[in-house]
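Asks: Sharing entry_31.csv below, CSV, C-alpha atoms and all ligand atoms:
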chain,number,residue,atom,x,y,z
E,1,MET,CA,112.8,222.4,127.5
E,2,VAL,CA,114.4,224.5,130.2
E,3,ASN,CA,111.9,227.3,130.7
E,4,VAL,CA,108.3,227.3,131.7
E,5,THR,CA,105.7,229.7,133.1
E,6,TYR,CA,104.2,229.1,136.5
E,7,GLN,CA,101.8,231.7,138.0
E,8,ASN,CA,103.0,234.4,135.6
E,9,GLN,CA,106.6,233.7,136.6
E,10,ASN,CA,109.3,232.5,134.2
E,11,ILE,CA,110.8,229.4,135.8
E,12,LYS,CA,114.2,228.3,134.5
E,13,GLN,CA,115.8,224.9,135.1
E,14,GLU,CA,119.2,225.4,136.7
E,15,SER,CA,121.6,222.9,138.2
E,16,LEU,CA,121.1,219.2,138.9
E,17,LYS,CA,120.3,218.8,142.6
E,18,TYR,CA,119.8,215.1,142.9
E,19,THR,CA,119.8,211.9,140.7
E,20,GLY,CA,117.4,209.3,142.0
E,21,LYS,CA,116.6,205.8,140.8
E,22,ALA,CA,113.8,206.9,138.6
E,23,LYS,CA,113.9,210.7,138.7
E,24,THR,CA,116.3,213.6,138.4
E,25,VAL,CA,115.7,216.8,140.4
E,26,TYR,CA,116.9,220.3,139.3
E,27,THR,CA,117.0,223.6,141.2
E,28,THR,CA,115.3,226.6,139.4
E,29,ASN,CA,115.7,230.3,139.5
E,30,ASP,CA,113.1,230.3,142.3
E,31,PRO,CA,114.6,228.8,145.4
E,32,ASP,CA,111.2,227.6,146.5
E,33,ILE,CA,110.6,225.6,143.4
E,34,LEU,CA,112.2,222.4,142.1
E,35,TRP,CA,112.0,220.8,138.7
E,36,VAL,CA,111.5,217.0,138.6
E,37,HIS,CA,112.1,214.9,135.6
E,38,TYR,CA,110.9,211.3,135.4
E,39,LEU,CA,113.3,208.8,133.8
E,40,ASP,CA,112.7,205.8,131.7
E,41,GLN,CA,114.4,203.7,134.3
E,42,ALA,CA,113.5,200.9,136.6
E,43,THR,CA,115.5,199.7,139.5
E,44,ALA,CA,115.1,196.9,142.1
E,45,LEU,CA,117.0,195.8,145.2
E,46,ASN,CA,117.8,199.5,146.0
E,47,GLY,CA,119.4,200.2,142.7
E,48,LYS,CA,121.4,197.0,142.3
E,49,VAL,CA,119.3,195.9,139.3
E,50,LYS,CA,118.7,198.7,136.7
E,51,GLU,CA,117.0,198.7,133.3
E,52,THR,CA,115.8,201.3,130.7
E,53,ILE,CA,112.1,201.0,130.1
E,54,THR,CA,110.8,203.3,127.3
E,55,GLY,CA,107.7,205.1,128.3
E,56,LYS,CA,107.8,204.4,132.0
E,57,GLY,CA,108.8,208.0,132.9
E,58,ALA,CA,105.8,209.5,131.1
E,59,LEU,CA,103.4,206.9,132.7
E,60,ASN,CA,104.6,207.5,136.2
E,61,SER,CA,104.6,211.3,135.7
E,62,GLU,CA,101.0,211.2,134.5
E,63,ILE,CA,99.8,208.8,137.2
E,64,SER,CA,101.5,210.8,139.9
E,65,HIS,CA,100.0,214.0,138.5
E,66,LEU,CA,96.5,212.5,138.6
E,67,LEU,CA,96.9,211.1,142.1
E,68,PHE,CA,98.4,214.3,143.6
E,69,ASP,CA,95.7,216.4,141.9
E,70,TYR,CA,93.1,214.1,143.5
E,71,LEU,CA,94.6,214.2,147.0
E,72,THR,CA,94.9,218.0,146.7
E,73,ARG,CA,91.2,218.2,146.0
E,74,LYS,CA,90.6,216.0,149.0
E,75,GLY,CA,92.6,218.4,151.3
E,76,ILE,CA,95.9,216.5,151.6
E,77,GLU,CA,98.7,219.2,151.6
E,78,ASN,CA,101.5,218.2,149.3
E,79,HIS,CA,104.5,219.5,147.2
E,80,TYR,CA,102.9,219.2,143.8
E,81,LEU,CA,102.7,222.5,141.8
E,82,LYS,CA,102.3,221.9,138.1
E,83,LYS,CA,102.8,219.3,135.3
E,84,ILE,CA,104.9,221.0,132.7
E,85,SER,CA,105.5,218.3,130.1
E,86,ALA,CA,104.9,214.6,129.6
E,87,THR,CA,107.8,213.7,131.9
E,88,ASP,CA,108.4,216.9,134.0
E,89,GLU,CA,106.7,218.7,136.9
E,90,LEU,CA,107.3,221.6,139.3
E,91,VAL,CA,107.2,221.0,143.0
E,92,THR,CA,107.7,223.0,146.2
E,93,ALA,CA,111.3,222.7,147.5
E,94,LEU,CA,111.1,220.9,150.9
E,95,ASP,CA,113.5,219.8,153.6
E,96,ILE,CA,112.9,216.1,153.0
E,97,ILE,CA,112.5,214.0,156.2
E,98,PRO,CA,114.7,210.9,155.7
E,99,ILE,CA,111.9,208.5,156.7
E,100,GLU,CA,109.9,206.2,154.4
E,101,VAL,CA,106.4,205.6,155.7
E,102,VAL,CA,105.1,202.2,154.5
E,103,SER,CA,101.4,201.4,154.9
E,104,ARG,CA,100.1,197.9,154.4
E,105,ASN,CA,96.5,196.8,153.8
E,106,TYR,CA,97.5,193.2,152.8
E,107,ALA,CA,100.6,191.1,153.5
E,108,SER,CA,103.1,191.2,150.6
E,109,GLY,CA,106.8,191.8,149.9
E,110,HIS,CA,108.9,192.2,153.0
E,111,PHE,CA,106.0,191.7,155.4
E,112,VAL,CA,105.6,188.2,154.0
E,113,SER,CA,109.3,187.3,154.0
E,114,LYS,CA,109.8,188.8,157.5
E,115,TYR,CA,106.8,187.3,159.3
E,116,ALA,CA,106.1,184.2,157.2
E,117,VAL,CA,102.4,185.1,156.8
E,118,THR,CA,100.3,184.0,153.9
E,119,PRO,CA,100.5,186.5,151.0
E,120,MET,CA,97.5,188.8,150.8
E,121,THR,CA,96.4,188.2,154.3
E,122,LYS,CA,94.2,191.2,155.2
E,123,LEU,CA,96.0,193.4,157.8
E,124,GLU,CA,93.8,195.0,160.4
E,125,PRO,CA,94.4,197.6,161.6
E,126,LEU,CA,96.4,199.1,158.8
E,127,VAL,CA,100.1,198.3,159.3
E,128,GLN,CA,102.4,201.4,159.4
E,129,GLU,CA,106.2,201.1,159.4
E,130,PHE,CA,109.0,203.6,159.3
E,131,TYR,CA,112.3,203.0,157.4
E,132,PHE,CA,115.4,205.2,157.5
E,133,LYS,CA,116.0,206.5,154.0
E,134,SER,CA,119.5,205.5,153.2
E,135,ASP,CA,120.7,203.6,150.0
E,136,ALA,CA,124.0,202.9,151.7
E,137,LEU,CA,122.3,201.1,154.6
E,138,ASP,CA,119.5,199.5,152.4
E,139,ASP,CA,116.7,201.6,154.1
E,140,PRO,CA,116.7,199.9,157.5
E,141,PHE,CA,113.6,199.6,159.6
E,142,ILE,CA,113.5,202.3,162.3
E,143,ASN,CA,111.2,202.8,165.3
E,144,ASP,CA,109.8,205.9,167.0
E,145,SER,CA,112.5,206.1,169.8
E,146,GLN,CA,115.3,205.7,167.2
E,147,ILE,CA,113.8,208.4,165.1
E,148,LEU,CA,113.5,210.8,168.1
E,149,ALA,CA,117.0,210.0,169.4
E,150,LEU,CA,118.5,210.6,165.9
E,151,ASN,CA,116.5,213.9,165.6
E,152,LEU,CA,115.0,212.8,162.3
E,153,ALA,CA,111.5,214.0,163.3
E,154,THR,CA,109.6,215.2,166.3
E,155,SER,CA,106.9,213.2,168.0
E,156,GLU,CA,104.3,215.6,166.7
E,157,GLU,CA,105.7,215.0,163.2
E,158,LEU,CA,105.6,211.3,163.6
E,159,ALA,CA,101.9,211.5,164.7
E,160,GLN,CA,101.3,213.6,161.6
E,161,LEU,CA,103.1,211.1,159.3
E,162,ARG,CA,100.9,208.4,160.6
E,163,ARG,CA,97.7,210.4,160.4
E,164,VAL,CA,98.3,211.7,156.9
E,165,SER,CA,99.4,208.2,155.7
E,166,GLN,CA,96.2,206.8,157.1
E,167,ASP,CA,94.1,209.5,155.3
E,168,VAL,CA,96.0,208.9,152.0
E,169,ASN,CA,95.3,205.2,152.4
E,170,GLN,CA,91.6,205.7,152.9
E,171,LEU,CA,91.4,208.1,149.9
E,172,LEU,CA,93.5,206.0,147.5
E,173,HIS,CA,92.0,202.7,148.6
E,174,ALA,CA,88.5,204.0,147.8
E,175,LEU,CA,89.6,205.5,144.5
E,176,PHE,CA,91.3,202.3,143.3
E,177,GLU,CA,88.4,200.2,144.5
E,178,GLN,CA,86.1,202.1,142.1
E,179,ILE,CA,88.3,200.9,139.2
E,180,GLY,CA,88.8,197.3,140.2
E,181,ILE,CA,92.2,197.7,141.7
E,182,GLY,CA,93.3,196.6,145.2
E,183,LEU,CA,95.8,198.9,147.0
E,184,VAL,CA,98.0,196.3,148.8
E,185,ASP,CA,100.7,198.6,150.2
E,186,PHE,CA,102.6,201.8,149.5
E,187,LYS,CA,105.4,204.1,150.5
E,188,LEU,CA,105.2,207.8,151.2
E,189,GLU,CA,107.8,210.5,151.9
E,190,PHE,CA,107.3,213.9,153.5
E,191,GLY,CA,109.1,217.1,153.8
E,192,ARG,CA,109.0,220.4,155.7
E,193,THR,CA,108.3,223.8,154.1
E,194,ALA,CA,110.5,226.8,155.0
E,195,THR,CA,108.0,227.6,157.8
E,196,GLY,CA,108.1,224.0,159.2
E,197,ASP,CA,104.8,222.7,157.8
E,198,LEU,CA,104.7,219.1,156.8
E,199,ARG,CA,103.8,218.3,153.2
E,200,LEU,CA,103.4,215.0,151.3
E,201,ALA,CA,106.3,214.7,148.8
E,202,ASP,CA,108.0,212.4,146.3
E,203,GLU,CA,105.8,210.6,143.7
E,204,LEU,CA,102.6,208.5,143.7
E,205,SER,CA,103.0,205.8,141.2
E,206,PRO,CA,103.1,202.0,140.7
E,207,ASP,CA,106.9,202.4,141.5
E,208,ASN,CA,106.0,202.9,145.2
E,209,MET,CA,102.7,201.1,145.6
E,210,ARG,CA,101.5,197.6,145.1
E,211,LEU,CA,98.4,197.4,143.0
E,212,ILE,CA,96.5,194.3,141.9
E,213,ASP,CA,93.7,193.7,139.5
E,214,THR,CA,90.9,192.8,141.9
E,215,LEU,CA,89.4,190.1,139.6
E,216,SER,CA,92.5,188.3,138.4
E,217,GLY,CA,94.9,189.1,141.3
E,218,LYS,CA,97.5,190.2,138.7
E,219,SER,CA,100.2,192.8,139.7
E,220,LEU,CA,99.9,196.1,138.0
E,221,ASP,CA,103.0,197.7,139.7
E,222,LYS,CA,106.8,197.4,140.0
E,223,ASP,CA,106.5,193.8,141.2
E,224,ILE,CA,106.2,193.0,137.4
E,225,PHE,CA,109.8,194.2,137.1
E,226,ARG,CA,111.0,192.8,140.4
E,227,GLN,CA,109.6,189.4,139.5
E,228,HIS,CA,110.4,189.6,135.7
E,229,SER,CA,106.8,188.6,135.1
E,230,GLY,CA,106.0,190.7,132.1
E,231,ASP,CA,106.1,194.2,130.6
E,232,VAL,CA,105.9,196.9,133.3
E,233,THR,CA,104.5,199.5,131.0
E,234,VAL,CA,101.4,197.3,130.2
E,235,GLY,CA,100.5,197.2,134.0
E,236,TYR,CA,101.2,200.9,134.4
E,237,ARG,CA,99.2,201.9,131.3
E,238,ASP,CA,96.3,199.8,132.6
E,239,VAL,CA,96.4,201.7,135.9
E,240,LEU,CA,96.6,205.1,134.1
E,241,ASN,CA,93.7,204.2,131.7
E,242,ARG,CA,91.5,203.2,134.6
E,243,LEU,CA,92.3,206.3,136.6
E,244,GLN,CA,91.5,208.5,133.6
E,245,GLN,CA,88.0,207.1,133.7
E,246,VAL,CA,87.3,208.4,137.2
E,247,ILE,CA,89.6,211.4,137.8
E,301,LIG,P1,108.3,196.2,151.0
E,301,LIG,O1,108.7,196.7,152.3
E,301,LIG,O2,107.3,195.1,151.0
E,301,LIG,O3,109.4,195.9,150.0
E,301,LIG,O4,107.5,197.4,150.3
E,301,LIG,C1,106.3,197.9,150.8
E,301,LIG,C2,105.8,199.0,149.8
E,301,LIG,O5,106.6,200.2,149.9
E,301,LIG,C3,105.8,198.6,148.3
E,301,LIG,O6,104.6,199.1,147.7
E,301,LIG,C4,107.0,199.2,147.8
E,301,LIG,O7,106.9,199.6,146.4
E,301,LIG,C5,107.2,200.5,148.7
E,301,LIG,N1,108.6,200.7,149.0
E,301,LIG,C6,109.3,200.3,150.0
E,301,LIG,N2,110.6,200.8,150.0
E,301,LIG,C7,110.7,201.5,148.8
E,301,LIG,C8,111.7,202.2,148.2
E,301,LIG,O8,112.9,202.4,148.7
E,301,LIG,N3,111.4,202.8,147.0
E,301,LIG,C9,110.2,202.7,146.4
E,301,LIG,N4,110.0,203.3,145.2
E,301,LIG,N5,109.2,202.1,147.0
E,301,LIG,C10,109.4,201.5,148.2
Could you express the structure from this file as structure tokens?
Ligand code: 5GP
Replies:
Amino acid sequence: MVNVTYQNQNIKQESLKYTGKAKTVYTTNDPDILWVHYLDQATALNGKVKETITGKGALNSEISHLLFDYLTRKGIENHYLKKISATDELVTALDIIPIEVVSRNYASGHFVSKYAVTPMTKLEPLVQEFYFKSDALDDPFINDSQILALNLATSEELAQLRRVSQDVNQLLHALFEQIGIGLVDFKLEFGRTATGDLRLADELSPDNMRLIDTLSGKSLDKDIFRQHSGDVTVGYRDVLNRLQQVI
């Protein structure tokens, strides 16, 4: 499939723009639209560990579709345009800001290893951290003054990244709570439109958020892969099935 219709326009997939760890991105005949394909691939340790997992691409594509749709209805401006197949979507072409915004409701992952706190300690207020998006440097932590000095974003944009991440946290936390899932932490990425407006970008899936079953405490996200504790697709399918009951 290399051709689809979007808003009465014929969109053709053109050249490969970017190969990510779990997605490939293509340009299209419309310079404002990109074509994203989700891969059946899982990576850990910034790509050093890689594995093919059949069905993962379709699960992430559908979960991301449902979550972006939900956030759009709640007024969060984002890049998502249209789901075009089980594993593909169209998004607005953005100038991606090379900052990963991590939000943490509970201590887990690097927060536990860095600060030696008890796993799942409730974090209040919400912890927000910035990381410089660079595989070569292993996404190092970066603070506001470093971001400003490196011209990665303006102080107004930083304030917006924090505000929108907080809004997304409130919305997703409440949504997952309804289906017995705890939102532990998550990573967001943002980009600028041609007119300089900020939009939420990337994907929203268990690849970039930690989700636990509230009753059992079991991981339903990429920690299953990181910790070799079972079949990733079982956790992801569980998340999808529960989401489909409420959105
Ligand atoms: P941590 O800093 O504890 O490793 O990760 C915090 C949260 O951000 C987790 O939900 C994790 O999945 C997400 N995250 C952090 N860095 C990355 C990254 O480079 N890629 C992806 N997909 N998620 C990330």
Asks: Please write out the residues within 10 Å of ligand LIG 301 (chain E) as a PyMOL selection string, counting all atoms listed in the file.
Replies: chain E and resi 21-22+42-47+100-104+107-114+129-135+138-141+183-189+202-211+221-223+226
Asks: Could you give me, as a short mmCIF file (atom, residue, chain, number, x, y, z; two decimals) with C-alpha atoms, keeping the file's coordinate frame, the residues within 9 Å of E:Glu124, counting only C-alpha atoms and dropping anything in the same chain fewer than 3 positions from it?
Replies:
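Result file is around.cif:
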data_model
loop_
_atom_site.label_atom_id
_atom_site.label_comp_id
_atom_site.auth_asym_id
_atom_site.auth_seq_id
_atom_site.Cartn_x
_atom_site.Cartn_y
_atom_site.Cartn_z
CA ASN E 105 96.50 196.80 153.80
CA TYR E 106 97.50 193.20 152.80
CA VAL E 127 100.10 198.30 159.30
#
Asks: Could you state the separation of atom CA of E:Ser61 and atom CA of E:Lys83 in Å, given to one decimal place?
Replies: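 Atom-to-atom, atom CA of E:Ser61 and atom CA of E:Lys83 are spaced 8.2 Å apart.
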Asks: Find, counting only C-alpha atoms, the residue in E:Ala58, E:Tyr115, E:Ile99, E:Tyr80 that gets nearest to E:Gln146.
Replies: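 So, comparing all the options, the nearest one is E:Ile99.
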Asks: Could you please determine the separation between atom CA of E:Pro125 and atom CA of E:Leu175 in Å, to one decimal place?
Replies: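 If I compute the distance from atom CA of E:Pro125 to atom CA of E:Leu175, I get 19.4 Å.
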Asks: Could you pull the residues within 12 Å of E:Glu156, counting all atoms listed in the file, minus those fewer than 5 positions along the same chain, as a PDB file with C-alpha atoms, in the frame of the given file?
Replies:
ATOM      1  CA  ASP E 144     109.800 205.900 167.000  1.00  0.00           C
ATOM      2  CA  LEU E 148     113.500 210.800 168.100  1.00  0.00           C
ATOM      3  CA  LEU E 161     103.100 211.100 159.300  1.00  0.00           C
ATOM      4  CA  ARG E 162     100.900 208.400 160.600  1.00  0.00           C
ATOM      5  CA  ARG E 163      97.700 210.400 160.400  1.00  0.00           C
ATOM      6  CA  GLY E 196     108.100 224.000 159.200  1.00  0.00           C
ATOM      7  CA  ASP E 197     104.800 222.700 157.800  1.00  0.00           C
ATOM      8  CA  LEU E 198     104.700 219.100 156.800  1.00  0.00           C
TER       9      LEU E 198
END
Asks: Find the residue from E:Gly180, E:Gly230, E:Gln245, E:Leu171 that sits nearest to E:Thr72; use all atoms listed in the file when measuring.
Replies: E:Leu171
Asks: Closest to E:Leu94 among E:Asn3, E:Thr195, E:Thr28, E:Ser229, using only C-alpha atoms?
Replies: E:Thr195
Asks: Taking only C-alpha atoms into account, which of E:Gln160, E:Thr92, E:Ser64, E:Thr52 comes nearest E:Tyr26?
Replies: E:Thr92
Asks: Would you mind telling me which residue in E:Ile247, E:Ile181, E:Tyr70, E:Glu77 lies nearest to E:Ser216 when using only C-alpha atoms?
Replies: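 For E:Ser216, the nearest of the candidates is E:Ile181.
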Asks: List the neighbours of E:Leu39 out to 12 Å using all atoms listed in the file; skip same-chain residues closer than 4 positions along the sequence, and give me the result as a list in words.
Replies: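 Here the qualifying residues turn out to be Thr19, Gly20, Lys21, Ala22, Lys23, Thr24, Val25, Thr43, Lys50, Glu51, Thr52, Ile53, Thr54, Gly55, Lys56, Gly57, Ala58, Leu59, Asn60, Ser61, Ala86, Thr87, Asp88 and Asp207 of chain E.
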Asks: Between E:Ala201, E:Leu152, E:Leu16, E:Met120, which has the minimum distance to E:Val91 (counting all atoms listed in the file)?
Replies: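 For E:Val91, the nearest of the candidates is E:Ala201.
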